[in-house]
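Next comes work-v2.pdb, with PDB, C-alpha atoms, pLDDT in the B column.
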```
ATOM      1  CA  MET H   4      27.889  38.031  39.497  1.00 84.00           C
ATOM      2  CA  THR H   5      29.447  41.412  40.101  1.00 91.00           C
ATOM      3  CA  PRO H   6      28.918  43.219  43.412  1.00 92.00           C
ATOM      4  CA  ALA H   7      26.953  45.935  41.599  1.00 95.00           C
ATOM      5  CA  VAL H   8      24.540  43.388  40.095  1.00 96.00           C
ATOM      6  CA  ALA H   9      24.124  41.643  43.441  1.00 96.00           C
ATOM      7  CA  GLN H  10      23.352  44.947  45.147  1.00 97.00           C
ATOM      8  CA  GLU H  11      20.745  45.861  42.523  1.00 98.00           C
ATOM      9  CA  ILE H  12      19.004  42.497  42.964  1.00 97.00           C
ATOM     10  CA  GLU H  13      19.078  42.925  46.734  1.00 97.00           C
ATOM     11  CA  LYS H  14      17.569  46.387  46.335  1.00 97.00           C
ATOM     12  CA  CYS H  15      14.657  44.976  44.322  1.00 98.00           C
ATOM     13  CA  LEU H  16      14.032  41.997  46.616  1.00 97.00           C
ATOM     14  CA  SER H  17      14.821  43.867  49.883  1.00 97.00           C
ATOM     15  CA  PRO H  18      17.793  43.348  52.185  1.00 97.00           C
ATOM     16  CA  GLY H  19      15.646  41.661  54.804  1.00 95.00           C
ATOM     17  CA  ARG H  20      14.404  39.007  52.388  1.00 96.00           C
ATOM     18  CA  VAL H  21      17.804  38.299  50.852  1.00 97.00           C
ATOM     19  CA  GLY H  22      19.380  38.291  54.288  1.00 95.00           C
ATOM     20  CA  SER H  23      17.359  35.222  55.252  1.00 94.00           C
ATOM     21  CA  TYR H  24      19.506  33.242  52.782  1.00 96.00           C
ATOM     22  CA  ALA H  25      22.860  34.584  53.951  1.00 95.00           C
ATOM     23  CA  PRO H  26      25.677  32.643  55.659  1.00 95.00           C
ATOM     24  CA  PRO H  27      25.736  30.488  57.718  1.00 94.00           C
ATOM     25  CA  LEU H  28      22.902  28.910  55.688  1.00 94.00           C
ATOM     26  CA  ILE H  29      25.360  28.833  52.802  1.00 96.00           C
ATOM     27  CA  ALA H  30      29.148  28.992  52.747  1.00 96.00           C
ATOM     28  CA  CYS H  31      30.935  31.593  50.670  1.00 95.00           C
ATOM     29  CA  GLU H  32      33.105  30.251  47.896  1.00 94.00           C
ATOM     30  CA  GLN H  33      36.683  31.483  47.644  1.00 93.00           C
ATOM     31  CA  GLY H  34      36.637  35.231  47.074  1.00 92.00           C
ATOM     32  CA  GLU H  35      32.831  35.378  47.140  1.00 94.00           C
ATOM     33  CA  GLN H  36      30.939  38.063  49.030  1.00 95.00           C
ATOM     34  CA  PRO H  37      28.163  36.978  51.447  1.00 97.00           C
ATOM     35  CA  LEU H  38      25.533  38.759  49.339  1.00 97.00           C
ATOM     36  CA  SER H  39      26.422  36.789  46.232  1.00 96.00           C
ATOM     37  CA  ALA H  40      26.358  33.552  48.223  1.00 97.00           C
ATOM     38  CA  ALA H  41      22.918  34.429  49.579  1.00 97.00           C
ATOM     39  CA  LEU H  42      21.644  35.037  46.052  1.00 98.00           C
ATOM     40  CA  ARG H  43      22.962  31.653  44.946  1.00 97.00           C
ATOM     41  CA  LEU H  44      20.896  30.043  47.677  1.00 97.00           C
ATOM     42  CA  TYR H  45      17.943  32.273  46.801  1.00 98.00           C
ATOM     43  CA  GLN H  46      18.104  31.054  43.205  1.00 97.00           C
ATOM     44  CA  TRP H  47      18.174  27.431  44.343  1.00 98.00           C
ATOM     45  CA  ASN H  48      15.216  28.120  46.622  1.00 98.00           C
ATOM     46  CA  THR H  49      13.158  29.215  43.606  1.00 97.00           C
ATOM     47  CA  GLU H  50      14.190  26.052  41.763  1.00 98.00           C
ATOM     48  CA  ILE H  51      13.263  23.661  44.569  1.00 98.00           C
ATOM     49  CA  ALA H  52       9.982  25.482  45.159  1.00 97.00           C
ATOM     50  CA  SER H  53       9.117  25.108  41.485  1.00 97.00           C
ATOM     51  CA  ALA H  54       9.963  21.400  41.573  1.00 98.00           C
ATOM     52  CA  MET H  55       7.947  20.855  44.747  1.00 98.00           C
ATOM     53  CA  TRP H  56       4.905  22.637  43.269  1.00 97.00           C
ATOM     54  CA  THR H  57       4.627  20.003  40.541  1.00 96.00           C
ATOM     55  CA  VAL H  58       4.302  17.180  43.059  1.00 98.00           C
ATOM     56  CA  MET H  59       2.149  19.232  45.436  1.00 98.00           C
ATOM     57  CA  HIS H  60      -0.306  19.971  42.639  1.00 97.00           C
ATOM     58  CA  ILE H  61      -1.086  16.297  42.071  1.00 98.00           C
ATOM     59  CA  PHE H  62      -0.839  15.481  45.781  1.00 98.00           C
ATOM     60  CA  GLU H  63      -3.365  18.103  46.885  1.00 98.00           C
ATOM     61  CA  VAL H  64      -5.944  17.299  44.235  1.00 98.00           C
ATOM     62  CA  THR H  65      -5.551  13.561  44.799  1.00 98.00           C
ATOM     63  CA  VAL H  66      -5.923  13.814  48.578  1.00 98.00           C
ATOM     64  CA  ARG H  67      -8.959  16.050  48.628  1.00 97.00           C
ATOM     65  CA  ASN H  68     -10.701  13.829  46.067  1.00 98.00           C
ATOM     66  CA  ALA H  69      -9.881  10.752  48.166  1.00 98.00           C
ATOM     67  CA  VAL H  70     -11.378  12.434  51.233  1.00 98.00           C
ATOM     68  CA  SER H  71     -14.425  13.438  49.216  1.00 98.00           C
ATOM     69  CA  ASP H  72     -14.896   9.830  48.094  1.00 98.00           C
ATOM     70  CA  ALA H  73     -14.859   8.611  51.691  1.00 98.00           C
ATOM     71  CA  VAL H  74     -17.213  11.308  52.989  1.00 98.00           C
ATOM     72  CA  SER H  75     -19.567  10.734  50.047  1.00 98.00           C
ATOM     73  CA  GLU H  76     -20.027   7.106  51.053  1.00 98.00           C
ATOM     74  CA  VAL H  77     -21.639   8.259  54.314  1.00 97.00           C
ATOM     75  CA  HIS H  78     -23.069  11.704  53.596  1.00 97.00           C
ATOM     76  CA  GLY H  79     -23.879  11.499  49.895  1.00 97.00           C
ATOM     77  CA  GLN H  80     -22.440  13.027  46.751  1.00 97.00           C
ATOM     78  CA  LYS H  81     -23.481  16.521  47.869  1.00 97.00           C
ATOM     79  CA  TRP H  82     -21.830  16.204  51.276  1.00 98.00           C
ATOM     80  CA  THR H  83     -20.467  19.730  50.884  1.00 98.00           C
ATOM     81  CA  HIS H  84     -24.032  21.033  51.220  1.00 98.00           C
ATOM     82  CA  GLU H  85     -25.319  18.510  53.740  1.00 97.00           C
ATOM     83  CA  PRO H  86     -26.211  20.185  57.080  1.00 96.00           C
ATOM     84  CA  SER H  87     -25.852  16.903  58.980  1.00 94.00           C
ATOM     85  CA  PHE H  88     -22.216  16.748  57.902  1.00 97.00           C
ATOM     86  CA  HIS H  89     -21.624  20.419  58.652  1.00 97.00           C
ATOM     87  CA  SER H  90     -22.767  19.797  62.218  1.00 96.00           C
ATOM     88  CA  ARG H  91     -20.062  17.171  62.684  1.00 96.00           C
ATOM     89  CA  LEU H  92     -17.316  19.702  62.034  1.00 97.00           C
ATOM     90  CA  ALA H  93     -15.735  21.964  64.614  1.00 95.00           C
ATOM     91  CA  PRO H  94     -16.804  25.616  64.461  1.00 95.00           C
ATOM     92  CA  THR H  95     -14.378  28.498  64.596  1.00 94.00           C
ATOM     93  CA  PRO H  96     -13.260  28.887  68.230  1.00 91.00           C
ATOM     94  CA  LYS H  97     -14.000  32.175  69.983  1.00 89.00           C
ATOM     95  CA  ASP H  98     -12.104  34.193  72.544  1.00 85.00           C
ATOM     96  CA  ARG H  99     -13.641  33.543  75.975  1.00 83.00           C
ATOM     97  CA  ILE H 100     -13.539  37.194  76.926  1.00 83.00           C
ATOM     98  CA  THR H 101     -14.290  39.101  73.717  1.00 87.00           C
ATOM     99  CA  GLY H 102     -16.295  36.440  71.907  1.00 82.00           C
ATOM    100  CA  LYS H 103     -14.399  37.243  68.719  1.00 89.00           C
ATOM    101  CA  PRO H 104     -13.499  34.375  66.354  1.00 85.00           C
ATOM    102  CA  ILE H 105      -9.936  33.099  66.722  1.00 88.00           C
ATOM    103  CA  GLY H 106      -8.214  30.393  64.757  1.00 90.00           C
ATOM    104  CA  TYR H 107      -9.780  28.139  62.141  1.00 94.00           C
ATOM    105  CA  GLY H 108     -13.050  26.221  62.082  1.00 96.00           C
ATOM    106  CA  PRO H 109     -13.729  23.717  59.282  1.00 97.00           C
ATOM    107  CA  ARG H 110     -17.486  24.060  59.770  1.00 97.00           C
ATOM    108  CA  ASN H 111     -17.426  27.779  59.037  1.00 96.00           C
ATOM    109  CA  ASP H 112     -15.127  27.306  56.059  1.00 97.00           C
ATOM    110  CA  LEU H 113     -17.409  24.672  54.516  1.00 98.00           C
ATOM    111  CA  GLN H 114     -20.596  26.608  55.240  1.00 97.00           C
ATOM    112  CA  LYS H 115     -19.155  29.751  53.659  1.00 97.00           C
ATOM    113  CA  GLN H 116     -18.081  28.000  50.478  1.00 98.00           C
ATOM    114  CA  SER H 117     -21.307  25.996  50.181  1.00 98.00           C
ATOM    115  CA  ARG H 118     -23.300  29.244  50.306  1.00 97.00           C
ATOM    116  CA  ILE H 119     -21.213  30.716  47.494  1.00 97.00           C
ATOM    117  CA  HIS H 120     -21.030  27.646  45.262  1.00 97.00           C
ATOM    118  CA  THR H 121     -23.863  25.304  44.335  1.00 95.00           C
ATOM    119  CA  THR H 122     -21.911  22.138  43.476  1.00 97.00           C
ATOM    120  CA  PRO H 123     -19.289  20.040  45.309  1.00 97.00           C
ATOM    121  CA  GLY H 124     -16.950  20.420  42.340  1.00 96.00           C
ATOM    122  CA  LYS H 125     -16.858  24.169  42.947  1.00 97.00           C
ATOM    123  CA  VAL H 126     -16.705  23.989  46.748  1.00 98.00           C
ATOM    124  CA  ILE H 127     -13.911  21.429  47.080  1.00 98.00           C
ATOM    125  CA  PRO H 128     -11.070  23.456  45.489  1.00 97.00           C
ATOM    126  CA  GLU H 129     -12.085  26.588  47.430  1.00 97.00           C
ATOM    127  CA  LEU H 130     -11.721  25.036  50.878  1.00 98.00           C
ATOM    128  CA  LYS H 131      -8.572  25.964  52.749  1.00 97.00           C
ATOM    129  CA  MET H 132      -5.788  23.409  52.838  1.00 96.00           C
ATOM    130  CA  VAL H 133      -6.140  23.121  56.599  1.00 96.00           C
ATOM    131  CA  PHE H 134      -9.731  21.911  56.070  1.00 98.00           C
ATOM    132  CA  TRP H 135      -8.406  18.713  54.503  1.00 98.00           C
ATOM    133  CA  GLU H 136      -5.838  18.318  57.250  1.00 97.00           C
ATOM    134  CA  LYS H 137      -8.674  18.483  59.792  1.00 97.00           C
ATOM    135  CA  MET H 138     -10.375  15.607  57.962  1.00 97.00           C
ATOM    136  CA  PHE H 139      -7.516  13.360  59.090  1.00 98.00           C
ATOM    137  CA  THR H 140      -8.232  13.718  62.806  1.00 96.00           C
ATOM    138  CA  GLN H 141      -9.539  11.020  65.120  1.00 96.00           C
ATOM    139  CA  ALA H 142     -12.944  12.710  65.267  1.00 95.00           C
ATOM    140  CA  HIS H 143     -13.817  11.290  61.853  1.00 97.00           C
ATOM    141  CA  ASP H 144     -12.717   7.687  62.388  1.00 97.00           C
ATOM    142  CA  ARG H 145     -16.125   6.302  63.291  1.00 96.00           C
ATOM    143  CA  ASP H 146     -17.960   8.453  60.776  1.00 97.00           C
ATOM    144  CA  PHE H 147     -16.146   7.620  57.548  1.00 98.00           C
ATOM    145  CA  TRP H 148     -12.519   6.503  57.996  1.00 98.00           C
ATOM    146  CA  ASN H 149     -13.071   3.184  59.738  1.00 97.00           C
ATOM    147  CA  PRO H 150     -15.443   1.913  57.047  1.00 97.00           C
ATOM    148  CA  HIS H 151     -13.979   3.673  54.011  1.00 98.00           C
ATOM    149  CA  LEU H 152     -10.291   4.524  54.415  1.00 98.00           C
ATOM    150  CA  GLN H 153      -9.172   1.347  52.668  1.00 97.00           C
ATOM    151  CA  ALA H 154     -11.351   2.132  49.653  1.00 97.00           C
ATOM    152  CA  ALA H 155     -10.042   5.712  49.482  1.00 98.00           C
ATOM    153  CA  PHE H 156      -6.426   4.533  49.727  1.00 98.00           C
ATOM    154  CA  PRO H 157      -6.571   0.963  48.413  1.00 98.00           C
ATOM    155  CA  ASN H 158      -2.825   0.300  48.506  1.00 98.00           C
ATOM    156  CA  LEU H 159      -2.508   0.719  52.263  1.00 97.00           C
ATOM    157  CA  ASP H 160      -1.604  -2.386  54.257  1.00 96.00           C
ATOM    158  CA  SER H 161      -5.005  -3.720  55.292  1.00 93.00           C
ATOM    159  CA  SER H 162      -3.493  -5.617  58.243  1.00 94.00           C
ATOM    160  CA  GLN H 163      -2.621  -2.365  60.031  1.00 95.00           C
ATOM    161  CA  PRO H 164      -5.117  -0.381  62.170  1.00 96.00           C
ATOM    162  CA  THR H 165      -7.103   2.327  60.422  1.00 96.00           C
ATOM    163  CA  ARG H 166      -6.131   4.906  63.057  1.00 96.00           C
ATOM    164  CA  ASP H 167      -2.433   4.332  62.309  1.00 97.00           C
ATOM    165  CA  HIS H 168      -2.949   4.848  58.590  1.00 98.00           C
ATOM    166  CA  ARG H 169      -5.135   7.878  59.106  1.00 97.00           C
ATOM    167  CA  ASN H 170      -2.549   9.417  61.428  1.00 97.00           C
ATOM    168  CA  ALA H 171       0.219   8.711  58.916  1.00 98.00           C
ATOM    169  CA  LEU H 172      -1.829  10.595  56.326  1.00 98.00           C
ATOM    170  CA  ARG H 173      -2.371  13.509  58.712  1.00 97.00           C
ATOM    171  CA  ILE H 174       1.324  13.810  59.534  1.00 97.00           C
ATOM    172  CA  ARG H 175       2.318  13.850  55.885  1.00 98.00           C
ATOM    173  CA  TYR H 176      -0.398  16.297  54.956  1.00 98.00           C
ATOM    174  CA  GLU H 177       0.512  18.696  57.762  1.00 97.00           C
ATOM    175  CA  ARG H 178       4.165  18.686  56.705  1.00 97.00           C
ATOM    176  CA  VAL H 179       3.178  19.546  53.150  1.00 97.00           C
ATOM    177  CA  ARG H 180       0.820  22.311  54.266  1.00 97.00           C
ATOM    178  CA  ARG H 181       3.462  24.060  56.348  1.00 96.00           C
ATOM    179  CA  ILE H 182       5.997  24.062  53.523  1.00 97.00           C
ATOM    180  CA  ARG H 183       3.391  24.954  50.910  1.00 96.00           C
ATOM    181  CA  ASN H 184       2.316  27.998  52.916  1.00 95.00           C
ATOM    182  CA  ARG H 185       5.894  29.250  52.913  1.00 95.00           C
ATOM    183  CA  MET H 186       6.159  28.676  49.182  1.00 96.00           C
ATOM    184  CA  GLY H 187       2.855  30.443  48.575  1.00 94.00           C
ATOM    185  CA  HIS H 188       4.296  33.586  50.188  1.00 94.00           C
ATOM    186  CA  HIS H 189       7.616  33.206  48.320  1.00 95.00           C
ATOM    187  CA  GLU H 190       9.461  32.658  51.582  1.00 95.00           C
ATOM    188  CA  SER H 191      12.592  30.592  52.099  1.00 96.00           C
ATOM    189  CA  ILE H 192      12.319  26.826  52.518  1.00 97.00           C
ATOM    190  CA  SER H 193      16.075  26.359  52.250  1.00 95.00           C
ATOM    191  CA  ASP H 194      16.834  26.072  55.978  1.00 94.00           C
ATOM    192  CA  ALA H 195      17.197  22.321  56.513  1.00 93.00           C
ATOM    193  CA  SER H 196      16.942  22.751  60.283  1.00 93.00           C
ATOM    194  CA  ARG H 197      13.353  23.990  59.825  1.00 94.00           C
ATOM    195  CA  PHE H 198      12.088  22.285  56.684  1.00 96.00           C
ATOM    196  CA  ASP H 199      12.764  18.660  55.782  1.00 97.00           C
ATOM    197  CA  LEU H 200      12.128  18.842  52.056  1.00 98.00           C
ATOM    198  CA  ASP H 201      13.220  15.277  51.446  1.00 97.00           C
ATOM    199  CA  ALA H 202      10.718  13.983  54.016  1.00 97.00           C
ATOM    200  CA  CYS H 203       8.026  16.225  52.545  1.00 98.00           C
ATOM    201  CA  TYR H 204       8.651  14.889  49.049  1.00 98.00           C
ATOM    202  CA  HIS H 205       8.740  11.231  50.094  1.00 98.00           C
ATOM    203  CA  GLY H 206       5.649  11.732  52.245  1.00 98.00           C
ATOM    204  CA  MET H 207       3.724  13.037  49.234  1.00 98.00           C
ATOM    205  CA  MET H 208       4.906  10.129  47.124  1.00 98.00           C
ATOM    206  CA  ASP H 209       3.856   7.683  49.866  1.00 98.00           C
ATOM    207  CA  VAL H 210       0.331   9.074  49.843  1.00 98.00           C
ATOM    208  CA  LEU H 211       0.107   9.011  46.058  1.00 98.00           C
ATOM    209  CA  ALA H 212       1.212   5.369  46.080  1.00 98.00           C
ATOM    210  CA  TRP H 213      -1.413   4.527  48.714  1.00 98.00           C
ATOM    211  CA  ARG H 214      -4.087   6.097  46.521  1.00 98.00           C
ATOM    212  CA  SER H 215      -2.985   4.881  43.078  1.00 98.00           C
ATOM    213  CA  SER H 216       0.053   3.066  41.707  1.00 98.00           C
ATOM    214  CA  GLU H 217      -0.604   4.645  38.329  1.00 98.00           C
ATOM    215  CA  VAL H 218      -0.621   8.195  39.693  1.00 98.00           C
ATOM    216  CA  HIS H 219       2.534   7.490  41.680  1.00 98.00           C
ATOM    217  CA  ALA H 220       4.312   6.221  38.567  1.00 98.00           C
ATOM    218  CA  TRP H 221       3.119   9.207  36.525  1.00 98.00           C
ATOM    219  CA  VAL H 222       4.412  11.729  39.057  1.00 98.00           C
ATOM    220  CA  SER H 223       7.673   9.796  39.395  1.00 98.00           C
ATOM    221  CA  SER H 224       8.174  10.138  35.645  1.00 98.00           C
ATOM    222  CA  MET H 225       7.867  13.946  35.712  1.00 97.00           C
ATOM    223  CA  GLU H 226       9.207  15.089  39.096  1.00 97.00           C
ATOM    224  CA  THR H 227      12.589  16.805  39.445  1.00 98.00           C
ATOM    225  CA  VAL H 228      12.627  17.284  43.232  1.00 98.00           C
ATOM    226  CA  GLN H 229      15.313  14.751  43.981  1.00 96.00           C
ATOM    227  CA  ASP H 230      17.641  16.138  41.321  1.00 97.00           C
ATOM    228  CA  VAL H 231      17.224  19.715  42.582  1.00 98.00           C
ATOM    229  CA  LEU H 232      17.715  18.623  46.202  1.00 97.00           C
ATOM    230  CA  ARG H 233      21.061  17.089  45.260  1.00 97.00           C
ATOM    231  CA  ARG H 234      22.141  20.414  43.737  1.00 96.00           C
ATOM    232  CA  ARG H 235      21.588  22.499  46.858  1.00 96.00           C
ATOM    233  CA  PRO H 236      24.507  24.906  47.264  1.00 94.00           C
ATOM    234  CA  ARG H 237      26.435  24.357  50.484  1.00 89.00           C
TER     235      ARG H 237
END
```
Please re-express this file's structure in structure tokens.
Amino acid sequence: MTPAVAQEIEKCLSPGRVGSYAPPLIACEQGEQPLSAALRLYQWNTEIASAMWTVMHIFEVTVRNAVSDAVSEVHGQKWTHEPSFHSRLAPTPKDRITGKPIGYGPRNDLQKQSRIHTTPGKVIPELKMVFWEKMFTQAHDRDFWNPHLQAAFPNLDSSQPTRDHRNALRIRYERVRRIRNRMGHHESISDASRFDLDACYHGMMDVLAWRSSEVHAWVSSMETVQDVLRRRPR
């Protein structure tokens, strides 16, 4: 890549964005300018994001359907529209002084989507990713995880406590959400000191295996994450 080409790409992407990939995140090869090195890492970042999306796609759909199965056992097939379930969820917190909403409340998210959509199949994909993360908190153990986690994730070790399994699911899901949010905004996930992509990938594969051996094998047959991770420029 010539300096002129590199500068034109930087102009289109913005110096600030390209600069987040610059040395010391990547080492310049002999005779290479820092801008060209940054663009090499930028290119790899697009490749690993694309590879991660494939696994995340199946992971997200699988997890939210597993949660829906568990909730349905207690609150019925139309749990998304069931007021008694809504009341179990935390509302959006409010500022003590101004009274204005701050942060995220799963109750408000579910109520909003259930007013817009008439069926669970339409509500479920519209809920924010953090909604599903909130389903893996201790608050729901007695309601639906203690009796139904093993059915939702049948390949978990049944000799281990439900709370340990549920927490393991929460940790893995949170890691995915944080990286996915960066990817959704086309931001860098190439800084290994901030984002453990290998742990994120293996965490997703763990959860898929806990849910279904067949789904795990299917994703294993198509994923390219591990190959792209090995090709990260240094």
- Task: List the residues selected by the PyMOL selection byres ((chain H and resi 129) around 12) in the file shown, writing them as a list in words.
- Result: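 For this structure, the PyMOL selection byres ((chain H and resi 129) around 12) resolves to Val64, Arg67, Thr83, Asp112, Leu113, Gln114, Lys115, Gln116, Ser117, Arg118, Ile119, His120, Thr122, Pro123, Gly124, Lys125, Val126, Ile127, Pro128, Leu130, Lys131, Met132, Val133, Phe134 and Trp135 of chain H.
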Selected by the PyMOL selection byres ((chain H and resi 161-168) around 8) in the shown coordinates: which residues, as a list in words?
Gln141, Asp144, Trp148, Asn149, Leu152, Gln153, Leu159, Asp160, Arg169, Asn170, Ala171 and Leu172 of chain H
Using all atoms listed in the file, what does the table of segment 29-95 of chain H residues within 12 Å of segment 99-106 of chain H look like, with each row giving the shortest atom pair and its distance in Å to one decimal, sorted by chain and ascending number, as JSON lines?
```
{"residue": "H:Ala93", "atom": "CA", "partner": "H:Gly106", "partner_atom": "CA", "distance": 11.3}
{"residue": "H:Pro94", "atom": "CA", "partner": "H:Pro104", "partner_atom": "CA", "distance": 9.6}
{"residue": "H:Thr95", "atom": "CA", "partner": "H:Pro104", "partner_atom": "CA", "distance": 6.2}
```
**Prompt:** If you count all atoms listed in the file, which residues fall within 7 Å of Asp194 of chain H, apart from same-chain ones fewer than 3 positions away, as a PyMOL selection string?
**Reply:** chain H and resi 28+197-198
request  = Please measure the separation of atom CA of Lys14 of chain H and atom CA of Leu200 of chain H, giving the value in Å to one decimal.
outcome  =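 Atom-to-atom, atom CA of Lys14 of chain H and atom CA of Leu200 of chain H are spaced 28.7 Å apart.
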To test your reading of the syntax: which residues would the PyMOL selection byres ((chain H and resi 80) around 12) return for the file shown? Reply as an MDAnalysis selection string. chainID H and resid 68 70:79 81:85 88 122:124 127
**Residue neighbourhood Asn158 of chain H, 7 Å, all atoms listed in the file, exclusion window fewer than 6 positions, as a PyMOL selection string** = chain H and resi 212-214
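Picture a line from atom CA of Asn111 of chain H to atom CA of His89 of chain H; it runs 8.5 Å.
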If the box runs along x, y and z of the file and leaves 6 Å on each side of segment 42-50 of chain H, what are its centre and edge lengths in Å, one decimal, as lines of an AutoDock Vina configuration file?
```
center_x = 18.1
center_y = 30.5
center_z = 44.7
size_x = 21.8
size_y = 21.0
size_z = 17.9
```
Non-local contacts of Glu63 of chain H (10 Å; only C-alpha atoms; under 2 positions in same chain excluded) as a PyMOL selection string = chain H and resi 58-61+65-69+128+132+135+176+179-180+207+211
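Going from atom CA of Ala25 of chain H to atom CA of Thr57 of chain H covers 26.9 Å.
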Using only C-alpha atoms, the best pick from H:His189, H:His205, H:Lys137, H:Arg183 as closest to Gln229 of chain H would be H:His205
For Ala52 of chain H, the closest of H:Glu177, H:Asp209, H:Glu190, H:Glu136 counting only C-alpha atoms is H:Glu190
Do you know which residues are at most 8 Å from Arg175 of chain H counting all atoms listed in the file, after dropping those on the same chain fewer than 5 positions away, and could you put them as a PDB file with C-alpha atoms, in the frame of the given file?
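result_10.pdb written:
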```pdb
ATOM      1  CA  CYS H 203       8.026  16.225  52.545  1.00 98.00           C
ATOM      2  CA  GLY H 206       5.649  11.732  52.245  1.00 98.00           C
ATOM      3  CA  MET H 207       3.724  13.037  49.234  1.00 98.00           C
ATOM      4  CA  VAL H 210       0.331   9.074  49.843  1.00 98.00           C
TER       5      VAL H 210
END
```
